[in-house]
>>> print(open('protein.pdb').read())   # PDB, C-alpha atoms
ATOM      1  CA  MET K  22      41.765 -89.235 -35.927
ATOM      2  CA  SER K  23      45.009 -91.172 -35.571
ATOM      3  CA  GLN K  24      46.302 -92.193 -32.137
ATOM      4  CA  ILE K  25      49.178 -89.746 -32.363
ATOM      5  CA  GLU K  26      46.999 -86.656 -32.848
ATOM      6  CA  PRO K  27      45.594 -86.528 -29.264
ATOM      7  CA  VAL K  28      49.163 -86.777 -27.975
ATOM      8  CA  LEU K  29      50.227 -83.847 -30.152
ATOM      9  CA  ILE K  30      47.216 -81.808 -29.024
ATOM     10  CA  PHE K  31      48.086 -82.540 -25.396
ATOM     11  CA  PHE K  32      51.674 -81.353 -25.810
ATOM     12  CA  VAL K  33      50.543 -78.237 -27.693
ATOM     13  CA  ILE K  34      48.167 -77.324 -24.844
ATOM     14  CA  VAL K  35      50.877 -77.955 -22.254
ATOM     15  CA  GLY K  36      53.328 -75.860 -24.284
ATOM     16  CA  ILE K  37      50.882 -72.971 -24.582
ATOM     17  CA  GLY K  38      50.160 -73.120 -20.841
ATOM     18  CA  PHE K  39      53.878 -73.084 -20.067
ATOM     19  CA  ALA K  40      54.486 -70.138 -22.406
ATOM     20  CA  ILE K  41      51.661 -68.140 -20.828
ATOM     21  CA  SER K  42      52.971 -68.916 -17.337
ATOM     22  CA  ARG K  43      56.480 -67.772 -18.280
ATOM     23  CA  TYR K  44      55.137 -64.601 -19.860
ATOM     24  CA  LEU K  45      53.040 -63.697 -16.784
ATOM     25  CA  ASP K  46      55.998 -64.396 -14.504
ATOM     26  CA  HIS K  47      58.199 -62.169 -16.671
ATOM     27  CA  CYS K  48      55.631 -59.380 -16.428
ATOM     28  CA  ARG K  49      55.518 -59.803 -12.639
ATOM     29  CA  MET K  50      59.309 -59.691 -12.480
ATOM     30  CA  LYS K  51      59.372 -56.400 -14.389
ATOM     31  CA  ALA K  52      56.684 -54.939 -12.126
ATOM     32  CA  VAL K  53      58.529 -56.032  -8.961
ATOM     33  CA  ARG K  54      61.805 -54.588 -10.295
ATOM     34  CA  ALA K  55      60.029 -51.285 -10.871
ATOM     35  CA  ILE K  56      58.663 -51.285  -7.320
ATOM     36  CA  ALA K  57      62.121 -52.134  -5.946
ATOM     37  CA  THR K  58      63.623 -49.190  -7.811
ATOM     38  CA  GLN K  59      60.865 -46.903  -6.575
ATOM     39  CA  LEU K  60      61.494 -47.978  -2.965
ATOM     40  CA  GLY K  61      65.277 -47.907  -3.247
ATOM     41  CA  PHE K  62      65.397 -51.684  -2.672
ATOM     42  CA  ASP K  63      67.607 -54.247  -4.408
ATOM     43  CA  TYR K  64      66.032 -56.877  -6.657
ATOM     44  CA  CYS K  65      67.618 -60.221  -5.694
ATOM     45  CA  GLY K  66      65.544 -62.682  -7.751
ATOM     46  CA  ARG K  67      65.718 -66.144  -6.169
ATOM     47  CA  SER K  68      68.737 -65.554  -3.955
ATOM     48  CA  ARG K  69      67.791 -67.244  -0.648
ATOM     49  CA  GLN K  70      70.840 -65.826   1.123
ATOM     50  CA  PHE K  71      69.283 -62.367   1.191
ATOM     51  CA  MET K  72      66.617 -63.506   3.668
ATOM     52  CA  HIS K  73      67.549 -63.932   7.308
ATOM     53  CA  GLY K  74      68.754 -67.502   7.843
ATOM     54  CA  SER K  75      66.359 -68.168  10.719
ATOM     55  CA  VAL K  76      63.284 -67.968   8.449
ATOM     56  CA  TRP K  77      64.070 -71.344   6.899
ATOM     57  CA  ARG K  78      63.321 -72.966  10.278
ATOM     58  CA  SER K  79      59.961 -71.212  10.653
ATOM     59  CA  GLU K  80      56.590 -72.934  10.417
ATOM     60  CA  LEU K  81      55.784 -71.351   7.057
ATOM     61  CA  PHE K  82      59.074 -72.148   5.363
ATOM     62  CA  THR K  83      59.065 -75.777   6.503
ATOM     63  CA  LYS K  84      55.551 -76.556   5.269
ATOM     64  CA  GLY K  85      54.984 -78.960   2.399
ATOM     65  CA  ARG K  86      57.703 -79.650  -0.152
ATOM     66  CA  ASN K  87      59.428 -78.052  -3.139
ATOM     67  CA  GLY K  88      59.318 -74.666  -1.449
ATOM     68  CA  TYR K  89      61.125 -71.803  -3.139
ATOM     69  CA  ILE K  90      61.179 -68.031  -3.287
ATOM     70  CA  LYS K  91      61.333 -65.708  -6.270
ATOM     71  CA  HIS K  92      61.128 -61.994  -7.009
ATOM     72  CA  LEU K  93      62.931 -61.224  -3.754
ATOM     73  CA  ILE K  94      63.607 -57.569  -2.980
ATOM     74  CA  ARG K  95      65.543 -56.259  -0.010
ATOM     75  CA  GLY K  96      66.151 -52.860   1.515
ATOM     76  CA  GLN K  97      65.654 -50.694   4.588
ATOM     77  CA  VAL K  98      62.820 -48.578   5.927
ATOM     78  CA  GLU K  99      63.978 -46.168   8.629
ATOM     79  CA  ASP K 100      67.081 -48.344   9.176
ATOM     80  CA  LEU K 101      64.887 -51.442   9.519
ATOM     81  CA  PRO K 102      66.081 -54.291   7.223
ATOM     82  CA  ILE K 103      63.132 -55.711   5.284
ATOM     83  CA  ALA K 104      62.843 -58.357   2.571
ATOM     84  CA  VAL K 105      59.748 -59.167   0.493
ATOM     85  CA  ALA K 106      59.319 -62.109  -1.860
ATOM     86  CA  ASP K 107      56.884 -64.530  -3.440
ATOM     87  CA  TYR K 108      57.026 -67.926  -1.737
ATOM     88  CA  GLN K 109      55.312 -71.135  -2.726
ATOM     89  CA  TYR K 110      55.262 -74.776  -1.696
ATOM     90  CA  THR K 111      53.354 -77.939  -2.590
ATOM     91  CA  THR K 112      51.164 -80.138  -0.417
ATOM     92  CA  GLY K 113      49.387 -83.437  -1.080
ATOM     93  CA  SER K 114      49.685 -85.585  -4.191
ATOM     94  CA  GLY K 115      47.597 -86.781  -7.099
ATOM     95  CA  LYS K 116      44.115 -85.250  -7.096
ATOM     96  CA  ASN K 117      44.846 -83.690  -3.696
ATOM     97  CA  LYS K 118      48.008 -81.941  -4.873
ATOM     98  CA  ARG K 119      47.966 -78.231  -4.183
ATOM     99  CA  THR K 120      50.416 -75.385  -4.660
ATOM    100  CA  VAL K 121      50.186 -72.637  -2.033
ATOM    101  CA  ARG K 122      51.461 -69.203  -3.036
ATOM    102  CA  GLN K 123      51.833 -66.057  -0.969
ATOM    103  CA  THR K 124      53.811 -62.858  -0.779
ATOM    104  CA  VAL K 125      55.898 -62.710   2.387
ATOM    105  CA  ALA K 126      57.565 -59.828   4.247
ATOM    106  CA  VAL K 127      60.493 -60.522   6.576
ATOM    107  CA  VAL K 128      61.675 -57.941   9.120
ATOM    108  CA  GLU K 129      65.004 -58.511  10.842
ATOM    109  CA  LEU K 130      64.913 -57.898  14.595
ATOM    110  CA  GLN K 131      67.970 -55.867  15.516
ATOM    111  CA  GLN K 132      67.074 -54.036  18.716
ATOM    112  CA  THR K 133      64.054 -56.079  19.785
ATOM    113  CA  SER K 134      64.192 -59.508  21.395
ATOM    114  CA  LEU K 135      61.117 -61.699  20.890
ATOM    115  CA  PRO K 136      60.342 -65.325  21.699
ATOM    116  CA  GLN K 137      59.469 -67.712  18.900
ATOM    117  CA  PHE K 138      55.733 -67.787  18.170
ATOM    118  CA  SER K 139      53.129 -68.336  15.486
ATOM    119  CA  LEU K 140      50.030 -66.135  15.222
ATOM    120  CA  LYS K 141      47.293 -66.936  12.719
ATOM    121  CA  PRO K 142      43.523 -66.469  12.307
ATOM    122  CA  GLU K 143      41.706 -69.124  14.308
ATOM    123  CA  THR K 144      39.649 -71.674  12.381
ATOM    124  CA  VAL K 145      37.136 -74.323  13.413
ATOM    125  CA  PHE K 146      39.943 -76.890  13.203
ATOM    126  CA  HIS K 147      41.919 -74.989  15.856
ATOM    127  CA  LYS K 148      38.838 -74.899  18.092
ATOM    128  CA  ILE K 149      38.327 -78.646  17.701
ATOM    129  CA  GLY K 150      42.050 -79.241  18.244
ATOM    130  CA  GLY K 151      41.844 -77.294  21.496
ATOM    131  CA  LEU K 152      39.569 -79.999  22.855
ATOM    132  CA  PHE K 153      42.399 -82.477  22.320
ATOM    133  CA  GLY K 154      45.208 -80.386  23.769
ATOM    134  CA  TYR K 155      46.199 -78.326  20.686
ATOM    135  CA  GLN K 156      47.998 -75.248  22.009
ATOM    136  CA  ASP K 157      46.254 -71.897  21.759
ATOM    137  CA  ILE K 158      47.362 -69.132  24.117
ATOM    138  CA  ASP K 159      44.313 -67.113  25.158
ATOM    139  CA  PHE K 160      43.976 -63.866  27.119
ATOM    140  CA  GLU K 161      41.009 -63.371  29.435
ATOM    141  CA  THR K 162      41.452 -59.599  29.206
ATOM    142  CA  HIS K 163      41.025 -59.679  25.420
ATOM    143  CA  PRO K 164      38.373 -62.264  24.499
ATOM    144  CA  ASP K 165      38.019 -60.823  20.985
ATOM    145  CA  PHE K 166      41.689 -61.545  20.288
ATOM    146  CA  SER K 167      41.387 -65.054  21.724
ATOM    147  CA  LYS K 168      38.266 -65.683  19.647
ATOM    148  CA  HIS K 169      39.795 -64.716  16.316
ATOM    149  CA  TYR K 170      43.456 -65.727  16.669
ATOM    150  CA  CYS K 171      45.411 -68.889  17.366
ATOM    151  CA  LEU K 172      48.683 -68.090  19.148
ATOM    152  CA  LYS K 173      51.260 -70.735  20.021
ATOM    153  CA  GLY K 174      54.932 -71.130  20.884
ATOM    154  CA  ASN K 175      57.288 -73.048  23.156
ATOM    155  CA  ASP K 176      57.809 -70.358  25.808
ATOM    156  CA  GLU K 177      54.271 -69.373  26.789
ATOM    157  CA  ALA K 178      55.373 -67.104  29.633
ATOM    158  CA  ALA K 179      57.687 -65.083  27.360
ATOM    159  CA  ILE K 180      54.990 -64.868  24.689
ATOM    160  CA  ARG K 181      52.465 -63.533  27.205
ATOM    161  CA  ASP K 182      55.001 -60.914  28.296
ATOM    162  CA  CYS K 183      55.402 -59.512  24.776
ATOM    163  CA  PHE K 184      51.677 -59.661  23.921
ATOM    164  CA  PHE K 185      50.710 -56.877  26.284
ATOM    165  CA  SER K 186      47.436 -54.957  26.086
ATOM    166  CA  ASP K 187      48.339 -52.562  23.239
ATOM    167  CA  VAL K 188      49.611 -55.421  21.063
ATOM    168  CA  LEU K 189      46.469 -57.466  21.654
ATOM    169  CA  SER K 190      44.269 -54.472  20.846
ATOM    170  CA  PHE K 191      46.208 -53.862  17.631
ATOM    171  CA  PHE K 192      45.619 -57.394  16.394
ATOM    172  CA  GLU K 193      41.974 -57.261  17.411
ATOM    173  CA  ASN K 194      41.614 -54.362  14.975
ATOM    174  CA  HIS K 195      43.850 -55.846  12.249
ATOM    175  CA  ARG K 196      42.766 -59.434  11.790
ATOM    176  CA  GLN K 197      44.320 -59.961   8.363
ATOM    177  CA  PHE K 198      47.826 -60.621   9.669
ATOM    178  CA  TRP K 199      49.614 -63.956   9.888
ATOM    179  CA  VAL K 200      52.772 -63.412  11.925
ATOM    180  CA  GLU K 201      55.659 -65.640  12.946
ATOM    181  CA  SER K 202      58.655 -64.784  15.083
ATOM    182  CA  THR K 203      61.837 -66.816  14.767
ATOM    183  CA  GLY K 204      63.433 -64.836  17.582
ATOM    184  CA  ALA K 205      65.637 -63.036  15.057
ATOM    185  CA  ALA K 206      63.050 -62.078  12.436
ATOM    186  CA  LEU K 207      59.339 -61.393  12.023
ATOM    187  CA  ILE K 208      57.511 -63.002   9.101
ATOM    188  CA  ILE K 209      54.296 -61.305   7.984
ATOM    189  CA  TYR K 210      51.977 -62.717   5.316
ATOM    190  CA  LYS K 211      48.504 -63.977   4.533
ATOM    191  CA  ARG K 212      48.460 -67.654   3.626
ATOM    192  CA  GLY K 213      47.564 -68.249   0.003
ATOM    193  CA  ARG K 214      47.559 -64.573  -0.974
ATOM    194  CA  SER K 215      49.964 -63.194  -3.565
ATOM    195  CA  HIS K 216      49.995 -59.415  -3.446
ATOM    196  CA  LYS K 217      50.069 -57.457  -6.666
ATOM    197  CA  PRO K 218      53.453 -55.718  -7.072
ATOM    198  CA  GLN K 219      51.791 -52.320  -6.718
ATOM    199  CA  ASP K 220      50.568 -53.443  -3.269
ATOM    200  CA  TRP K 221      54.016 -54.466  -1.969
ATOM    201  CA  GLN K 222      54.493 -50.988  -0.518
ATOM    202  CA  LYS K 223      51.351 -51.520   1.597
ATOM    203  CA  LEU K 224      52.661 -54.905   2.754
ATOM    204  CA  ILE K 225      55.962 -53.312   3.778
ATOM    205  CA  ASN K 226      54.095 -50.594   5.677
ATOM    206  CA  SER K 227      52.006 -53.258   7.424
ATOM    207  CA  ALA K 228      55.133 -55.218   8.341
ATOM    208  CA  CYS K 229      56.647 -52.081   9.887
ATOM    209  CA  ARG K 230      53.449 -51.466  11.865
ATOM    210  CA  VAL K 231      53.467 -55.022  13.212
ATOM    211  CA  TYR K 232      57.142 -54.689  14.170
ATOM    212  CA  ARG K 233      56.524 -51.417  16.007
ATOM    213  CA  GLN K 234      53.822 -53.017  18.172
ATOM    214  CA  PHE K 235      56.523 -55.029  19.929
TER
END
>>> encode(input="protein.pdb", output="structure tokens")
Amino acid sequence: MSQIEPVLIFFVIVGIGFAISRYLDHCRMKAVRAIATQLGFDYCGRSRQFMHGSVWRSELFTKGRNGYIKHLIRGQVEDLPIAVADYQYTTGSGKNKRTVRQTVAVVELQQTSLPQFSLKPETVFHKIGGLFGYQDIDFETHPDFSKHYCLKGNDEAAIRDCFFSDVLSFFENHRQFWVESTGAALIIYKRGRSHKPQDWQKLINSACRVYRQF
């Protein structure tokens, strides 16, 4: 085998991988367009301007590098402006390089005022971090919530005011949610999970349920 043949094989494999990736993305685009039509939403593609501007300062949207959205749809549910999109970003480099992908729902807060906060499932790293001063707002009245969730934000008093008993009970029974408030929008997702287009309706319904808790 000549020295040039392995190079050609490499480029053929890369080309095939790229073609498959483009084809799958095209199929996803068609499926998302169909869902958007079914819901009466607009398909906006990669147009960042159709998401509330405050989301770009959130914890999720400032993680890693090379972050971008695609397959963005936008519409209203009972006069509540909602956007859903695929979002991905890259962390690490070399052998530790990783691309994180998830489907994200964004609800604009029009008649509700919330403080900025981040709510996510608690991990062993959060528990260890707590020993060194890592913020985690706990509630003695709801130990199950405090056990399973890590809640943080700059204005702890305001956060405690909006996480009243019914809200805490809701999240105790629905532990799959990752939620961020920018003050002007709620961001609902599960880190590293891309929902199938046929499940976007369920994600929208879940986002509405989270919004209504507040």
>>> resolve_selection(input="protein.pdb", expression="the PyMOL selection byres ((chain K and resi 221-224) around 9)", output="list in words")
Val53, Ile56, Leu60, Val105, Thr124, Val125, Ala126, Ile209, Tyr210, His216, Lys217, Pro218, Gln219, Asp220, Ile225, Asn226, Ser227, Ala228 and Cys229 of chain K
>>> atom_distance(input="protein.pdb", atom1="CA of Ala104 (chain K)", atom2="CA of Leu135 (chain K)")
18.7 Å
>>> residues_around(input="protein.pdb", residues="Ile90 (chain K)", least_positions_apart="5", cutoff="10 Å", atoms="only C-alpha atoms", output="ChimeraX atom specification")
/K:66-69,72,82,105-110,122-125
>>> resolve_selection(input="protein.pdb", expression="the PyMOL selection byres ((chain K and resi 156-172) around 6)", output="list in words")
Ser139, Leu140, Lys141, Pro142, Glu143, Tyr155, Lys173 and Glu193 of chain K
>>> atom_distance(input="protein.pdb", atom1="CA of Arg181 (chain K)", atom2="CA of Asp100 (chain K)")
27.7 Å
>>> atom_distance(input="protein.pdb", atom1="CA of Tyr64 (chain K)", atom2="CA of Arg95 (chain K)")
6.7 Å
>>> closest_residue(input="protein.pdb", among="K:Leu45, K:Val188, K:Leu207, K:Val231", to="Val127 (chain K)", atoms="all atoms listed in the file")
K:Leu207
>>> residues_around(input="protein.pdb", residues="Leu101 (chain K)", least_positions_apart="5", cutoff="9 Å", atoms="all atoms listed in the file", output="VMD selection string")
chain K and resid 96 128 to 131 229
>>> resolve_selection(input="protein.pdb", expression="the PyMOL selection byres ((chain K and resi 138) around 9)", output="ChimeraX atom specification")
/K:135-137,139-140,172-177,180,200-204
>>> closest_residue(input="protein.pdb", among="K:Gln132, K:Gln234, K:Val98, K:Ile208", to="Ser75 (chain K)", atoms="only C-alpha atoms")
K:Ile208
>>> closest_residue(input="protein.pdb", among="K:Met50, K:Ser134, K:Phe235, K:Gly88", to="Ser186 (chain K)", atoms="only C-alpha atoms")
K:Phe235
>>> closest_residue(input="protein.pdb", among="K:Trp77, K:Arg214, K:Ile34, K:His195", to="Thr120 (chain K)", atoms="only C-alpha atoms")
K:Arg214
>>> axis_aligned_box(input="protein.pdb", around="region 123-130 of chain K", padding_each_side="8 Å", output="JSON")
{"center_x": 58.4, "center_y": -62.0, "center_z": 6.8, "size_x": 29.2, "size_y": 24.2, "size_z": 31.6}
>>> decode(input="protein.pdb", residues="region 81-121 of chain K", atoms="N, CA and C atoms", output="compact mmCIF listing (two decimals), in the first residue's frame")
# COMPACT_ATOMS: atom_id res chain seq x y z
N LEU K 81 -26.26 28.61 31.32
CA LEU K 81 -26.19 27.64 30.23
C LEU K 81 -25.55 28.22 28.99
N PHE K 82 -26.02 29.39 28.57
CA PHE K 82 -25.58 29.95 27.30
C PHE K 82 -24.21 30.62 27.36
N THR K 83 -23.58 30.61 28.52
CA THR K 83 -22.21 31.13 28.61
C THR K 83 -21.22 30.01 28.94
N LYS K 84 -21.68 28.78 28.92
CA LYS K 84 -20.79 27.65 29.18
C LYS K 84 -19.93 27.35 27.95
N GLY K 85 -18.74 26.85 28.18
CA GLY K 85 -17.90 26.36 27.09
C GLY K 85 -17.61 27.39 26.02
N ARG K 86 -17.50 26.91 24.79
CA ARG K 86 -17.19 27.77 23.65
C ARG K 86 -17.91 27.24 22.41
N ASN K 87 -17.88 28.05 21.37
CA ASN K 87 -18.51 27.68 20.08
C ASN K 87 -19.98 27.31 20.25
N GLY K 88 -20.66 27.97 21.15
CA GLY K 88 -22.07 27.67 21.35
C GLY K 88 -22.94 28.24 20.24
N TYR K 89 -23.90 27.46 19.80
CA TYR K 89 -24.85 27.98 18.80
C TYR K 89 -26.16 27.21 18.86
N ILE K 90 -27.20 27.87 18.38
CA ILE K 90 -28.52 27.25 18.34
C ILE K 90 -28.88 26.90 16.89
N LYS K 91 -29.78 25.95 16.75
CA LYS K 91 -30.34 25.64 15.43
C LYS K 91 -31.71 25.02 15.63
N HIS K 92 -32.46 24.96 14.55
CA HIS K 92 -33.83 24.43 14.57
C HIS K 92 -34.68 25.16 15.61
N LEU K 93 -34.57 26.46 15.63
CA LEU K 93 -35.34 27.28 16.57
C LEU K 93 -36.77 27.46 16.07
N ILE K 94 -37.73 27.23 16.95
CA ILE K 94 -39.13 27.52 16.65
C ILE K 94 -39.65 28.47 17.72
N ARG K 95 -40.63 29.25 17.35
CA ARG K 95 -41.14 30.26 18.29
C ARG K 95 -42.64 30.45 18.07
N GLY K 96 -43.35 30.60 19.18
CA GLY K 96 -44.79 30.81 19.09
C GLY K 96 -45.36 31.18 20.44
N GLN K 97 -46.66 30.98 20.61
CA GLN K 97 -47.33 31.30 21.86
C GLN K 97 -48.24 30.15 22.28
N VAL K 98 -48.29 29.94 23.58
CA VAL K 98 -49.23 28.99 24.17
C VAL K 98 -50.03 29.76 25.21
N GLU K 99 -51.31 29.92 24.95
CA GLU K 99 -52.17 30.72 25.84
C GLU K 99 -51.55 32.09 26.10
N ASP K 100 -51.13 32.77 25.04
CA ASP K 100 -50.55 34.11 25.08
C ASP K 100 -49.19 34.15 25.78
N LEU K 101 -48.60 32.98 26.01
CA LEU K 101 -47.28 32.92 26.64
C LEU K 101 -46.21 32.69 25.56
N PRO K 102 -45.31 33.66 25.33
CA PRO K 102 -44.28 33.51 24.29
C PRO K 102 -43.27 32.42 24.68
N ILE K 103 -43.10 31.46 23.78
CA ILE K 103 -42.19 30.34 24.03
C ILE K 103 -41.32 30.09 22.81
N ALA K 104 -40.06 29.80 23.04
CA ALA K 104 -39.14 29.41 21.98
C ALA K 104 -38.50 28.09 22.37
N VAL K 105 -38.27 27.22 21.39
CA VAL K 105 -37.60 25.94 21.62
C VAL K 105 -36.54 25.78 20.54
N ALA K 106 -35.37 25.26 20.93
CA ALA K 106 -34.29 25.10 19.97
C ALA K 106 -33.31 24.04 20.45
N ASP K 107 -32.50 23.55 19.52
CA ASP K 107 -31.35 22.73 19.87
C ASP K 107 -30.19 23.68 20.17
N TYR K 108 -29.47 23.41 21.26
CA TYR K 108 -28.31 24.25 21.59
C TYR K 108 -27.14 23.35 21.95
N GLN K 109 -25.97 23.70 21.45
CA GLN K 109 -24.79 22.92 21.76
C GLN K 109 -23.58 23.82 21.98
N TYR K 110 -22.63 23.31 22.75
CA TYR K 110 -21.38 24.02 22.99
C TYR K 110 -20.28 22.99 23.23
N THR K 111 -19.05 23.44 23.20
CA THR K 111 -17.89 22.56 23.33
C THR K 111 -17.11 22.88 24.59
N THR K 112 -16.66 21.83 25.27
CA THR K 112 -15.79 21.99 26.43
C THR K 112 -14.52 21.17 26.24
N GLY K 113 -13.47 21.53 26.98
CA GLY K 113 -12.22 20.77 26.93
C GLY K 113 -11.51 20.89 25.59
N SER K 114 -10.45 20.12 25.44
CA SER K 114 -9.67 20.09 24.21
C SER K 114 -8.94 18.76 24.10
N GLY K 115 -8.47 18.47 22.90
CA GLY K 115 -7.76 17.22 22.68
C GLY K 115 -8.62 16.01 23.01
N LYS K 116 -8.06 15.06 23.78
CA LYS K 116 -8.79 13.86 24.15
C LYS K 116 -9.95 14.16 25.09
N ASN K 117 -9.89 15.31 25.76
CA ASN K 117 -10.95 15.69 26.70
C ASN K 117 -12.02 16.58 26.07
N LYS K 118 -11.93 16.79 24.76
CA LYS K 118 -12.90 17.62 24.07
C LYS K 118 -14.26 16.94 24.07
N ARG K 119 -15.29 17.72 24.35
CA ARG K 119 -16.63 17.18 24.40
C ARG K 119 -17.64 18.19 23.90
N THR K 120 -18.58 17.73 23.10
CA THR K 120 -19.67 18.58 22.63
C THR K 120 -20.94 18.21 23.38
N VAL K 121 -21.53 19.21 24.06
CA VAL K 121 -22.74 19.00 24.84
C VAL K 121 -23.93 19.51 24.03
